>>> print(open('run-v6.cif').read())   # mmCIF, C-alpha atoms
data_start
#
loop_
_atom_site.label_atom_id
_atom_site.label_comp_id
_atom_site.auth_asym_id
_atom_site.auth_seq_id
_atom_site.Cartn_x
_atom_site.Cartn_y
_atom_site.Cartn_z
CA MET A 22 -3.74 -25.18 -12.28
CA ASP A 23 -1.52 -23.98 -9.51
CA TYR A 24 -1.02 -20.61 -11.06
CA TRP A 25 -1.14 -18.83 -7.76
CA THR A 26 0.14 -20.90 -4.90
CA LEU A 27 1.77 -18.25 -2.83
CA GLY A 28 -0.36 -19.47 0.12
CA LEU A 29 2.58 -21.24 1.65
CA LEU A 30 0.63 -23.21 4.23
CA ASP A 31 -1.39 -24.63 1.38
CA SER A 32 1.39 -26.42 -0.38
CA SER A 33 3.07 -27.68 2.79
CA SER A 34 -0.11 -28.98 4.39
CA ILE A 35 -1.08 -31.02 1.35
CA GLN A 36 1.96 -33.27 1.55
CA PRO A 37 2.59 -35.33 4.67
CA LYS A 38 5.59 -33.87 6.47
CA ARG A 39 8.52 -36.21 6.12
CA ARG A 40 11.40 -33.83 6.33
CA PRO A 41 11.34 -30.15 7.17
CA SER A 42 11.44 -28.38 3.82
CA THR A 43 10.88 -24.74 4.72
CA PRO A 44 12.38 -22.66 7.54
CA THR A 45 9.00 -22.69 9.33
CA ASP A 46 8.74 -26.44 9.00
CA PHE A 47 12.23 -26.69 10.37
CA ILE A 48 11.36 -24.64 13.44
CA ASP A 49 8.18 -26.70 13.91
CA TYR A 50 10.32 -29.81 13.67
CA LEU A 51 12.87 -28.56 16.21
CA MET A 52 10.16 -27.47 18.64
CA GLN A 53 8.39 -30.78 18.37
CA LYS A 54 11.55 -32.80 18.76
CA TYR A 55 13.25 -30.93 21.55
CA LEU A 56 10.48 -29.11 23.36
CA GLY A 57 7.61 -31.48 22.74
CA LEU A 58 5.57 -28.60 21.44
CA ALA A 59 3.26 -29.11 18.53
CA VAL A 60 2.71 -25.74 16.90
CA PRO A 61 -0.97 -25.41 16.05
CA SER A 62 -1.36 -24.54 12.41
CA VAL A 63 -4.31 -22.32 11.73
CA ASP A 64 -6.78 -23.80 9.32
CA ILE A 65 -9.18 -21.22 8.00
CA CYS A 66 -11.43 -23.95 6.61
CA ARG A 67 -12.63 -24.61 10.13
CA MET A 68 -13.12 -20.95 11.00
CA THR A 69 -16.45 -19.23 11.07
CA VAL A 70 -16.88 -15.83 9.45
CA LEU A 71 -16.96 -14.18 12.89
CA MET A 72 -13.76 -15.91 14.02
CA PHE A 73 -11.95 -15.11 10.79
CA THR A 74 -13.02 -11.47 10.96
CA LEU A 75 -11.76 -11.13 14.54
CA VAL A 76 -8.41 -12.80 13.79
CA VAL A 77 -7.79 -10.67 10.69
CA LEU A 78 -8.94 -7.55 12.55
CA LEU A 79 -6.38 -8.15 15.29
CA GLY A 80 -3.64 -9.02 12.78
CA ALA A 81 -4.37 -5.97 10.63
CA PHE A 82 -4.39 -3.77 13.72
CA LEU A 83 -0.91 -5.00 14.65
CA ALA A 84 0.22 -4.62 11.03
CA GLY A 85 -1.02 -1.02 10.94
CA LEU A 86 0.58 -0.27 14.33
CA LEU A 87 3.97 -1.81 13.46
CA GLY A 88 3.83 -0.41 9.94
CA SER A 89 3.44 3.13 11.18
CA LEU A 90 5.94 2.74 14.07
CA THR A 91 8.66 1.38 11.79
CA GLY A 92 7.74 3.44 8.74
CA LEU A 93 7.42 0.30 6.66
CA GLY A 94 3.71 0.52 5.86
CA GLY A 95 1.01 -2.09 6.35
CA GLY A 96 1.18 -3.96 3.02
CA VAL A 97 4.43 -5.80 3.54
CA ILE A 98 3.05 -7.19 6.79
CA ILE A 99 -0.55 -7.88 5.73
CA ILE A 100 0.44 -10.15 2.82
CA PRO A 101 2.66 -12.57 4.80
CA LEU A 102 0.09 -12.54 7.61
CA LEU A 103 -2.80 -13.54 5.37
CA THR A 104 -0.88 -16.04 3.24
CA LEU A 105 1.63 -17.59 5.67
CA VAL A 106 -0.43 -17.56 8.85
CA LEU A 107 -4.02 -17.89 7.64
CA GLY A 108 -3.48 -19.67 4.34
CA VAL A 109 -5.53 -17.14 2.39
CA ASP A 110 -5.00 -17.24 -1.39
CA VAL A 111 -2.51 -14.61 -2.50
CA HIS A 112 -5.01 -13.06 -4.94
CA TYR A 113 -7.14 -11.99 -2.00
CA ALA A 114 -4.11 -11.03 0.12
CA ILE A 115 -2.81 -8.63 -2.55
CA GLY A 116 -6.30 -7.16 -3.04
CA ALA A 117 -6.74 -6.53 0.69
CA SER A 118 -3.23 -5.13 1.00
CA ILE A 119 -3.66 -2.55 -1.76
CA ILE A 120 -6.79 -1.26 0.02
CA SER A 121 -4.86 -0.93 3.28
CA VAL A 122 -2.17 1.04 1.42
CA ILE A 123 -4.77 3.57 0.24
CA ALA A 124 -6.23 3.86 3.74
CA THR A 125 -2.92 4.50 5.53
CA SER A 126 -1.58 6.75 2.79
CA SER A 127 -4.65 9.00 2.69
CA GLY A 128 -4.90 9.06 6.48
CA SER A 129 -1.36 10.23 7.10
CA ALA A 130 -1.15 12.38 3.96
CA ALA A 131 -4.02 14.41 5.40
CA ALA A 132 -1.87 15.39 8.37
CA TYR A 133 1.31 16.10 6.39
CA VAL A 134 -0.36 18.16 3.67
CA LYS A 135 -1.81 20.47 6.30
CA GLU A 136 1.65 21.08 7.74
CA GLY A 137 2.86 22.19 4.31
CA ILE A 138 5.75 19.73 4.13
CA THR A 139 4.44 17.76 1.15
CA ASN A 140 5.48 19.06 -2.26
CA VAL A 141 2.28 18.66 -4.25
CA ARG A 142 3.98 19.42 -7.59
CA ILE A 143 6.68 16.78 -7.15
CA GLY A 144 3.95 14.35 -6.12
CA MET A 145 1.75 15.09 -9.10
CA PHE A 146 4.67 15.04 -11.54
CA LEU A 147 5.98 11.68 -10.33
CA GLU A 148 2.47 10.22 -10.24
CA LEU A 149 2.64 10.28 -14.05
CA ALA A 150 5.26 7.55 -13.73
CA THR A 151 3.82 5.64 -10.78
CA THR A 152 0.23 5.32 -12.07
CA ILE A 153 1.19 4.06 -15.55
CA SER A 154 3.67 1.61 -14.07
CA ALA A 155 1.25 0.45 -11.34
CA ILE A 156 -1.22 -0.64 -14.01
CA THR A 157 1.66 -2.27 -15.89
CA GLY A 158 2.53 -4.09 -12.66
CA VAL A 159 -0.99 -5.51 -12.32
CA ILE A 160 -0.85 -6.71 -15.94
CA ILE A 161 2.53 -8.37 -15.31
CA ALA A 162 1.07 -10.01 -12.18
CA THR A 163 -1.66 -11.55 -14.32
CA TYR A 164 0.84 -13.32 -16.54
CA MET A 165 3.68 -13.94 -14.10
CA LYS A 166 4.22 -17.27 -12.39
CA ALA A 167 3.32 -17.16 -8.70
CA ASP A 168 6.68 -18.62 -7.68
CA TYR A 169 8.51 -15.72 -9.27
CA ILE A 170 6.20 -13.23 -7.56
CA LYS A 171 7.07 -14.93 -4.27
CA VAL A 172 10.78 -14.38 -4.94
CA VAL A 173 10.27 -10.75 -5.96
CA PHE A 174 8.17 -10.14 -2.85
CA GLY A 175 10.87 -11.72 -0.68
CA LEU A 176 13.59 -9.55 -2.23
CA ILE A 177 11.51 -6.40 -1.68
CA LEU A 178 10.93 -7.45 1.94
CA LEU A 179 14.70 -7.86 2.42
CA PHE A 180 15.34 -4.48 0.82
CA SER A 181 12.68 -2.86 3.03
CA ALA A 182 14.24 -4.35 6.15
CA TYR A 183 17.66 -3.12 5.07
CA SER A 184 16.51 0.41 4.24
CA MET A 185 14.57 0.59 7.51
CA LEU A 186 17.81 0.07 9.49
CA LYS A 187 20.12 2.08 7.27
CA LYS A 188 21.10 5.47 8.59
CA LYS A 189 19.30 8.14 6.62
CA ILE A 190 21.57 10.79 5.14
CA ASP A 191 20.08 14.04 3.99
CA HIS A 192 21.60 14.83 0.57
CA SER A 193 19.55 17.95 0.04
CA ASN A 194 21.07 21.29 -0.87
CA ASN A 195 20.02 24.50 -2.47
CA GLU A 196 23.10 25.09 -4.63
CA LYS A 197 22.21 23.85 -8.06
CA THR A 198 19.31 22.20 -9.77
CA SER A 199 18.45 20.46 -13.02
CA VAL A 200 16.90 22.16 -16.03
CA LEU A 201 13.86 19.92 -15.79
CA ALA A 202 13.33 20.76 -12.11
CA ASN A 203 13.07 24.43 -13.02
CA TYR A 204 10.89 23.70 -16.03
CA PHE A 205 8.47 21.57 -14.01
CA LYS A 206 8.65 23.95 -10.99
CA LEU A 207 9.70 21.18 -8.61
CA ASN A 208 11.92 23.22 -6.26
CA GLY A 209 10.25 24.24 -3.04
CA SER A 210 10.72 24.96 0.63
CA TYR A 211 9.54 23.34 3.82
CA PRO A 212 8.94 24.48 7.39
CA THR A 213 11.72 23.91 9.95
CA PRO A 214 12.09 25.28 13.49
CA ASP A 215 14.28 28.05 11.98
CA GLY A 216 11.70 29.05 9.39
CA MET A 217 11.12 27.99 5.79
CA LYS A 218 14.07 26.15 4.26
CA PRO A 219 14.39 26.13 0.47
CA TYR A 220 15.68 23.11 -1.45
CA ALA A 221 16.56 22.35 -5.04
CA VAL A 222 15.66 19.17 -6.91
CA HIS A 223 18.32 17.25 -8.85
CA ARG A 224 18.35 14.55 -11.54
CA VAL A 225 14.67 14.59 -12.43
CA MET A 226 14.94 11.94 -15.18
CA GLY A 227 16.67 9.48 -12.84
CA GLY A 228 14.04 9.97 -10.15
CA PHE A 229 11.28 9.61 -12.72
CA ALA A 230 12.77 6.31 -13.91
CA MET A 231 13.02 5.07 -10.33
CA MET A 232 9.31 5.81 -9.87
CA PHE A 233 8.57 3.48 -12.78
CA VAL A 234 10.26 0.68 -10.86
CA ALA A 235 8.46 1.58 -7.62
CA GLY A 236 5.07 1.80 -9.34
CA THR A 237 5.50 -1.52 -11.15
CA LEU A 238 6.34 -3.29 -7.89
CA SER A 239 3.43 -1.56 -6.16
CA GLY A 240 0.99 -2.89 -8.76
CA LEU A 241 2.63 -6.29 -8.97
CA LEU A 242 2.73 -6.99 -5.24
CA GLY A 243 -0.07 -4.83 -3.85
CA ILE A 244 2.29 -2.82 -1.64
CA GLY A 245 3.02 0.90 -1.33
CA SER A 246 6.74 0.43 -2.14
CA GLY A 247 7.53 3.48 -0.06
CA ALA A 248 11.13 2.35 0.48
CA LEU A 249 11.84 2.56 -3.26
CA LYS A 250 10.03 5.86 -3.68
CA VAL A 251 11.98 7.42 -0.84
CA LEU A 252 15.22 5.99 -2.27
CA GLY A 253 14.50 7.65 -5.61
CA MET A 254 13.70 11.00 -4.04
CA ASP A 255 16.44 11.01 -1.36
CA ASN A 256 19.41 9.59 -3.20
CA ILE A 257 18.70 10.47 -6.82
CA MET A 258 16.68 13.69 -6.68
CA LYS A 259 18.29 14.86 -3.42
CA ILE A 260 15.03 15.99 -1.88
CA PRO A 261 15.15 16.64 1.92
CA PHE A 262 14.19 13.57 3.89
CA LYS A 263 11.10 15.09 5.49
CA VAL A 264 9.73 16.21 2.13
CA SER A 265 10.49 12.93 0.36
CA THR A 266 8.84 10.77 3.03
CA THR A 267 5.63 12.79 3.09
CA THR A 268 5.49 13.25 -0.69
CA SER A 269 6.03 9.52 -1.25
CA ASN A 270 3.17 8.87 1.13
CA PHE A 271 1.03 11.40 -0.72
CA MET A 272 1.69 9.64 -4.05
CA MET A 273 1.05 6.17 -2.67
CA GLY A 274 -2.71 6.65 -2.47
CA VAL A 275 -3.11 7.64 -6.11
CA THR A 276 -0.72 4.91 -7.27
CA ALA A 277 -2.60 2.29 -5.25
CA ALA A 278 -5.99 3.59 -6.43
CA ALA A 279 -4.99 2.98 -10.05
CA SER A 280 -4.05 -0.64 -9.40
CA ALA A 281 -6.89 -1.20 -6.88
CA LEU A 282 -9.49 -0.50 -9.59
CA VAL A 283 -7.94 -3.15 -11.82
CA TYR A 284 -7.79 -5.59 -8.91
CA LEU A 285 -11.45 -4.87 -8.17
CA HIS A 286 -12.37 -5.86 -11.73
CA LYS A 287 -10.34 -9.02 -11.41
CA GLY A 288 -12.37 -9.98 -8.33
CA GLN A 289 -9.34 -9.87 -6.05
CA ILE A 290 -10.85 -7.48 -3.55
CA ASP A 291 -13.06 -9.63 -1.37
CA PRO A 292 -15.28 -7.56 0.96
CA GLY A 293 -15.13 -10.24 3.67
CA ILE A 294 -11.34 -9.78 3.92
CA ALA A 295 -11.20 -6.10 3.00
CA MET A 296 -13.52 -5.19 5.89
CA PRO A 297 -11.38 -6.37 8.85
CA VAL A 298 -8.16 -5.38 7.04
CA THR A 299 -9.31 -1.79 6.41
CA ILE A 300 -10.71 -1.24 9.90
CA GLY A 301 -7.74 -2.92 11.58
CA VAL A 302 -5.01 -1.16 9.61
CA ILE A 303 -6.59 2.30 9.95
CA SER A 304 -7.04 2.00 13.72
CA GLY A 305 -3.57 0.50 14.16
CA ALA A 306 -1.90 3.19 12.05
CA THR A 307 -3.77 5.95 13.89
CA LEU A 308 -2.62 4.65 17.26
CA GLY A 309 0.91 4.14 15.88
CA ALA A 310 1.13 7.74 14.69
CA LYS A 311 0.18 8.93 18.20
CA ILE A 312 2.72 6.67 19.96
CA LEU A 313 5.45 7.55 17.45
CA LEU A 314 5.59 11.17 18.61
CA ARG A 315 6.90 10.18 22.03
CA THR A 316 8.70 6.88 21.53
CA ASN A 317 12.11 5.85 20.31
CA THR A 318 11.56 3.00 17.89
CA ASP A 319 15.20 2.05 17.18
CA LYS A 320 15.09 -1.26 19.06
CA LEU A 321 11.70 -2.16 17.63
CA LYS A 322 13.09 -1.59 14.15
CA VAL A 323 15.94 -4.04 14.71
CA VAL A 324 13.60 -6.74 16.04
CA PHE A 325 11.19 -6.10 13.23
CA ALA A 326 13.92 -6.19 10.58
CA VAL A 327 14.88 -9.68 11.81
CA VAL A 328 11.26 -10.88 11.60
CA ILE A 329 10.80 -9.36 8.14
CA SER A 330 14.07 -10.88 6.88
CA PHE A 331 12.97 -14.27 8.14
CA LEU A 332 9.65 -14.00 6.30
CA ALA A 333 11.50 -12.78 3.22
CA LEU A 334 13.88 -15.74 3.21
CA GLN A 335 10.98 -18.14 3.58
CA MET A 336 9.19 -16.51 0.64
CA ILE A 337 12.30 -16.68 -1.56
CA TYR A 338 13.13 -20.24 -0.50
CA ASN A 339 9.60 -21.37 -1.16
CA GLY A 340 9.49 -19.64 -4.51
CA LEU A 341 12.72 -21.25 -5.66
CA MET A 342 12.05 -24.72 -4.30
CA THR A 343 8.51 -25.30 -5.57
CA ARG A 344 8.86 -27.87 -8.37
CA MET B 282 26.00 28.88 -12.84
CA GLY B 283 24.38 32.22 -12.12
CA LYS B 284 21.01 30.78 -13.07
CA ALA B 285 18.36 31.57 -10.50
CA ILE B 286 16.64 28.66 -8.81
CA LYS B 287 12.91 29.18 -8.90
CA HIS B 288 10.89 28.17 -5.87
CA TYR B 289 7.22 27.47 -5.66
CA LEU B 290 5.10 27.19 -2.58
CA GLY B 291 1.64 25.69 -2.49
CA ASP B 292 -1.14 27.92 -1.25
CA LYS B 293 -1.77 27.28 2.44
CA ASP B 294 -5.57 27.33 2.06
CA VAL B 295 -5.44 24.85 -0.80
CA GLN B 296 -3.36 22.47 1.29
CA LEU B 297 -5.77 22.81 4.19
CA VAL B 298 -8.74 21.87 2.01
CA LEU B 299 -6.72 19.04 0.48
CA GLY B 300 -5.90 17.61 3.92
CA THR B 301 -9.53 17.87 5.04
CA LEU B 302 -10.71 16.15 1.84
CA LEU B 303 -8.38 13.19 2.43
CA ARG B 304 -9.32 12.90 6.09
CA VAL B 305 -13.07 13.09 5.47
CA GLY B 306 -12.74 10.49 2.69
CA VAL B 307 -10.97 8.03 4.98
CA ILE B 308 -13.36 8.59 7.90
CA VAL B 309 -16.54 8.30 5.79
CA SER B 310 -15.37 5.17 3.98
CA THR B 311 -14.29 3.54 7.26
CA ILE B 312 -17.74 4.23 8.74
CA VAL B 313 -19.43 2.72 5.65
CA VAL B 314 -17.16 -0.34 5.85
CA CYS B 315 -18.01 -0.72 9.57
CA ILE B 316 -21.75 -0.50 8.90
CA GLY B 317 -21.46 -3.05 6.09
CA GLY B 318 -19.34 -5.27 8.33
CA ILE B 319 -21.97 -5.26 11.08
CA VAL B 320 -24.79 -6.04 8.60
CA PHE B 321 -22.66 -8.80 7.07
CA LEU B 322 -21.73 -10.33 10.43
CA VAL B 323 -25.33 -10.27 11.68
CA GLN B 324 -26.41 -12.16 8.57
CA HIS B 325 -23.50 -14.57 8.13
CA HIS B 326 -21.44 -14.78 11.36
CA GLY B 327 -21.75 -18.56 11.76
CA GLU B 328 -20.85 -19.60 8.24
CA ALA B 329 -17.55 -21.21 7.33
CA VAL B 330 -15.02 -19.13 5.41
CA ASP B 331 -13.14 -20.36 2.41
CA TYR B 332 -10.42 -18.12 1.07
CA LYS B 333 -7.96 -20.89 0.29
CA ASN B 334 -8.71 -20.84 -3.39
CA PHE B 335 -9.24 -17.83 -5.56
CA ARG B 336 -12.58 -17.74 -7.34
CA PRO B 337 -12.62 -14.84 -9.77
CA GLU B 338 -16.32 -15.23 -10.53
CA GLU B 339 -17.27 -13.70 -7.16
CA ARG B 340 -19.70 -10.81 -7.38
CA PHE B 341 -19.22 -7.14 -6.52
CA ASP B 342 -16.31 -6.61 -8.87
CA SER B 343 -17.73 -3.63 -10.72
CA VAL B 344 -19.24 -0.31 -9.72
CA ALA B 345 -22.64 -1.29 -11.22
CA ASP B 346 -22.65 -4.58 -9.28
CA ILE B 347 -21.90 -2.81 -6.02
CA LEU B 348 -24.64 -0.22 -6.51
CA ALA B 349 -27.15 -2.97 -7.37
CA GLY B 350 -26.16 -4.85 -4.20
CA LEU B 351 -26.62 -1.72 -2.09
CA LYS B 352 -30.32 -1.63 -2.97
CA GLN B 353 -30.77 -5.09 -1.47
CA VAL B 354 -28.98 -4.03 1.76
CA ASP B 355 -26.37 -6.74 1.23
CA GLY B 356 -23.65 -6.41 3.89
CA LEU B 357 -20.89 -7.33 1.44
CA ALA B 358 -22.11 -4.74 -1.06
CA ILE B 359 -22.07 -2.04 1.63
CA ILE B 360 -18.49 -2.99 2.57
CA GLN B 361 -17.46 -2.94 -1.07
CA PHE B 362 -19.11 0.48 -1.46
CA GLY B 363 -17.00 1.72 1.44
CA VAL B 364 -13.92 0.25 -0.24
CA LEU B 365 -14.91 2.07 -3.43
CA LEU B 366 -15.20 5.36 -1.52
CA LEU B 367 -11.72 4.72 -0.13
CA ILE B 368 -10.33 4.10 -3.64
CA PHE B 369 -11.99 7.28 -4.88
CA THR B 370 -10.55 9.43 -2.06
CA PRO B 371 -7.09 9.87 -3.65
CA ILE B 372 -8.76 10.19 -7.07
CA ALA B 373 -10.91 13.05 -5.72
CA ARG B 374 -7.66 14.55 -4.47
CA VAL B 375 -6.28 14.57 -8.03
CA VAL B 376 -9.47 16.25 -9.33
CA PHE B 377 -9.23 18.83 -6.57
CA SER B 378 -5.57 19.48 -7.36
CA ILE B 379 -6.43 20.08 -11.03
CA PHE B 380 -8.89 22.79 -9.99
CA SER B 381 -6.45 24.39 -7.57
CA PHE B 382 -3.78 24.52 -10.31
CA LEU B 383 -6.39 26.04 -12.60
CA ILE B 384 -7.03 28.80 -10.06
CA GLU B 385 -3.27 29.39 -9.83
CA LYS B 386 -3.24 29.57 -13.65
CA ASP B 387 -0.56 26.90 -13.70
CA TYR B 388 -1.73 25.26 -16.91
CA MET B 389 1.20 22.87 -17.15
CA TYR B 390 0.12 21.21 -13.92
CA VAL B 391 -3.52 21.28 -14.95
CA LEU B 392 -2.41 19.20 -17.94
CA ILE B 393 -0.26 16.85 -15.83
CA GLY B 394 -3.19 16.36 -13.44
CA ILE B 395 -5.56 15.59 -16.32
CA ILE B 396 -3.12 13.02 -17.70
CA VAL B 397 -2.85 11.32 -14.29
CA LEU B 398 -6.65 11.32 -14.04
CA CYS B 399 -6.96 9.80 -17.52
CA ILE B 400 -4.55 7.00 -16.57
CA ILE B 401 -6.69 6.19 -13.52
CA ILE B 402 -9.92 6.32 -15.56
CA THR B 403 -8.31 3.90 -18.03
CA SER B 404 -7.75 1.49 -15.14
CA LEU B 405 -11.46 1.75 -14.30
CA TYR B 406 -12.29 0.27 -17.69
CA LEU B 407 -9.35 -2.05 -18.00
CA ASP B 408 -10.51 -5.65 -17.96
CA ILE B 409 -7.69 -8.15 -17.81
CA ALA B 410 -8.30 -11.85 -18.21
CA HIS B 411 -7.00 -14.07 -15.45
#
>>> encode(input="run-v6.cif", output="structure tokens")
Amino acid sequence: MDYWTLGLLDSSSIQPKRRPSTPTDFIDYLMQKYLGLAVPSVDICRMTVLMFTLVVLLGAFLAGLLGSLTGLGGGVIIIPLLTLVLGVDVHYAIGASIISVIATSSGSAAAYVKEGITNVRIGMFLELATTISAITGVIIATYMKADYIKVVFGLILLFSAYSMLKKKIDHSNNEKTSVLANYFKLNGSYPTPDGMKPYAVHRVMGGFAMMFVAGTLSGLLGIGSGALKVLGMDNIMKIPFKVSTTTSNFMMGVTAAASALVYLHKGQIDPGIAMPVTIGVISGATLGAKILLRTNTDKLKVVFAVVISFLALQMIYNGLMTR
Amino acid sequence: MGKAIKHYLGDKDVQLVLGTLLRVGVIVSTIVVCIGGIVFLVQHHGEAVDYKNFRPEERFDSVADILAGLKQVDGLAIIQFGVLLLIFTPIARVVFSIFSFLIEKDYMYVLIGIIVLCIIITSLYLDIAH
């Protein structure tokens, strides 16, 4: 039963390498042929618990750091790291990732809520959609073929890389609003250097529908799907960028908690992996948030987008080519 | 078009407590995970790991299991308890929000909060076959 074979190293290391069949294999092949370099492939079977913990701790720290510097979140980095680099089964990778999403979300939401930027009502209202759909996502994951999940994950990675580089346009205004926004009291104001700035919320139904998509993907893939949440709030509901980012982050914890409980029951949250991932991601994200205040991350984002796109293509390729 | 746009602003004190709640939750659960990690590493640091294949029959996949493991000072159970605290941090936030909406007499949002909480509680009892 190869129901879940997202661990890409797994499938490639079983067969003897005749021809390069994945982009990574191809690079290995080129390096061996032209540079005489044999790339050591990490085999977790030979690792001790201590070694594994230290490697994951370091990787999760970098994931947390890069995730907070680029605004991409830790999950999209943790899953490729565990599966592609360490050959960990994707069940465990998704379980560990969803825990890291809760940790980073709660950690940074704490800071934003205090500043009064987060709109708690919008968050609570949209959580109706994200929690139901997150649980739906976990159920879909149980019955979906691993190869298709690989492809979906790859596509989301590509989308995240694209939206990370795209110039953010603030669509917010305070001119008109939707009936539902008034009814659900979603309009608010947020602090700016010139004092409190009011904003009106548009197209509530559209945003709500978008949150169903975001929540389903969050449950399915064990990620925060912040890019989709922000897209729904920025472009559809026309919420100011600052408010949408922080509110999306605020919602992520609750959304992830709903699916994390189901994953816990399914035995996908392994304490031996969750421990270094949690500690690493929290410390990395904390450091990242401090650096972010006084660093321009534009160049880092470009480099990172290239890396993410490469991982994404490998995921998609692998998902489509397996049998 | 002359319809007034209503604006609502969360109470500053409420938001302050909310932020503190989230921060304390993350810090406490991280400390518990660290303690569990140290206990686990002291006991098992030299063993070989095997995460290549998923084995759903592993223990510590329910709240009762985790609490039982805590009594035996099992490192993995302590870690999992910390993970559980982390999962419950945003849930505690929802409970807190329900009360703060209750104080504001905003009964619509009390109801929305309760629905969100019910969805999460459902997930606590949801058992899906593999």
>>> residues_near_point(input="run-v6.cif", point="(20.0, 15.7, 0.5)", cutoff="12 Å", atoms="all atoms listed in the file", output="list in words")
Lys189, Ile190, Asp191, His192, Ser193, Asn194, Asn195, Glu196, Pro219, Tyr220, Ala221, Val222, His223, Val251, Leu252, Gly253, Met254, Asp255, Asn256, Ile257, Met258, Lys259, Ile260, Pro261, Phe262, Lys263, Val264 and Ser265 of chain A
>>> residues_around(input="run-v6.cif", residues="segment 395-402 of chain B", least_positions_apart="5", cutoff="8 Å", atoms="all atoms listed in the file", output="ChimeraX atom specification")
/A:145,148-149,152-153,278-279 /B:372,375-376,379
>>> write_last_selection(input="run-v6.cif", atoms="C-alpha atoms", output="compact mmCIF listing (two decimals), keeping the file's coordinate frame")
# COMPACT_ATOMS: atom_id res chain seq x y z
CA MET A 145 1.75 15.09 -9.10
CA GLU A 148 2.47 10.22 -10.24
CA LEU A 149 2.64 10.28 -14.05
CA THR A 152 0.23 5.32 -12.07
CA ILE A 153 1.19 4.06 -15.55
CA ALA A 278 -5.99 3.59 -6.43
CA ALA A 279 -4.99 2.98 -10.05
CA ILE B 372 -8.76 10.19 -7.07
CA VAL B 375 -6.28 14.57 -8.03
CA VAL B 376 -9.47 16.25 -9.33
CA ILE B 379 -6.43 20.08 -11.03
>>> atom_distance(input="run-v6.cif", atom1="atom CA of Leu179 of chain A", atom2="atom CA of Val77 of chain A")
24.1 Å
>>> residues_around(input="run-v6.cif", residues="Lys171 of chain A", least_positions_apart="3", cutoff="8 Å", atoms="only C-alpha atoms", output="PyMOL selection string")
chain A and resi 27+167-168+174-175+336-337+339-340
>>> resolve_selection(input="run-v6.cif", expression="the PyMOL selection byres ((chain A and resi 237) around 9)", output="NGL selection string")
:A and (151-159 or 161 or 232-236 or 238-242)
>>> axis_aligned_box(input="run-v6.cif", around="segment 97-101 of chain A", padding_each_side="6 Å", output="JSON")
{"center_x": 1.9, "center_y": -9.2, "center_z": 4.8, "size_x": 17.0, "size_y": 18.8, "size_z": 16.0}
>>> closest_residue(input="run-v6.cif", among="A:Ala306, A:Ile138, A:Leu332, A:Met342", to="Leu105 of chain A", atoms="only C-alpha atoms")
A:Leu332
>>> atom_distance(input="run-v6.cif", atom1="atom CA of Ile98 of chain A", atom2="atom CA of Thr74 of chain A")
17.1 Å
>>> closest_residue(input="run-v6.cif", among="A:Ala117, A:Ala295, A:Lys311, A:Leu186", to="Val324 of chain A", atoms="only C-alpha atoms")
A:Leu186
>>> atom_distance(input="run-v6.cif", atom1="atom CA of Ala162 of chain A", atom2="atom CA of Tyr338 of chain A")
19.7 Å
>>> closest_residue(input="run-v6.cif", among="A:Ile329, A:Leu103, A:Ala182, A:Arg315", to="Val76 of chain A", atoms="all atoms listed in the file")
A:Leu103
>>> resolve_selection(input="run-v6.cif", expression="the PyMOL selection byres ((chain A and resi 84-94) around 10)", output="VMD selection string")
chain A and resid 78 to 83 95 to 100 102 121 to 122 125 to 126 129 178 181 to 182 184 to 186 244 to 248 266 270 298 to 314 316 to 319 321 to 323 325 to 326
>>> decode(input="run-v6.cif", residues="segment 293-316 of chain B", atoms="C-alpha atoms", output="PDB file, in the first residue's frame")
ATOM      1  CA  LYS B 293      -8.355  48.112  24.246  1.00  0.00           C
ATOM      2  CA  ASP B 294      -8.262  46.236  27.570  1.00  0.00           C
ATOM      3  CA  VAL B 295      -9.855  43.174  26.025  1.00  0.00           C
ATOM      4  CA  GLN B 296      -7.240  43.137  23.277  1.00  0.00           C
ATOM      5  CA  LEU B 297      -4.460  43.492  25.827  1.00  0.00           C
ATOM      6  CA  VAL B 298      -5.692  40.476  27.797  1.00  0.00           C
ATOM      7  CA  LEU B 299      -6.164  38.558  24.549  1.00  0.00           C
ATOM      8  CA  GLY B 300      -2.567  39.248  23.484  1.00  0.00           C
ATOM      9  CA  THR B 301      -1.228  38.234  26.894  1.00  0.00           C
ATOM     10  CA  LEU B 302      -3.277  35.021  26.827  1.00  0.00           C
ATOM     11  CA  LEU B 303      -1.809  34.020  23.451  1.00  0.00           C
ATOM     12  CA  ARG B 304       1.729  34.880  24.489  1.00  0.00           C
ATOM     13  CA  VAL B 305       1.538  33.032  27.810  1.00  0.00           C
ATOM     14  CA  GLY B 306       0.049  29.994  26.034  1.00  0.00           C
ATOM     15  CA  VAL B 307       2.910  29.835  23.552  1.00  0.00           C
ATOM     16  CA  ILE B 308       5.610  30.380  26.191  1.00  0.00           C
ATOM     17  CA  VAL B 309       4.205  27.809  28.649  1.00  0.00           C
ATOM     18  CA  SER B 310       3.706  25.144  25.981  1.00  0.00           C
ATOM     19  CA  THR B 311       7.209  25.727  24.581  1.00  0.00           C
ATOM     20  CA  ILE B 312       8.679  25.287  28.068  1.00  0.00           C
ATOM     21  CA  VAL B 313       6.708  22.044  28.560  1.00  0.00           C
ATOM     22  CA  VAL B 314       7.862  20.773  25.149  1.00  0.00           C
ATOM     23  CA  CYS B 315      11.486  21.637  26.070  1.00  0.00           C
ATOM     24  CA  ILE B 316      11.241  19.791  29.397  1.00  0.00           C
TER      25      ILE B 316
END
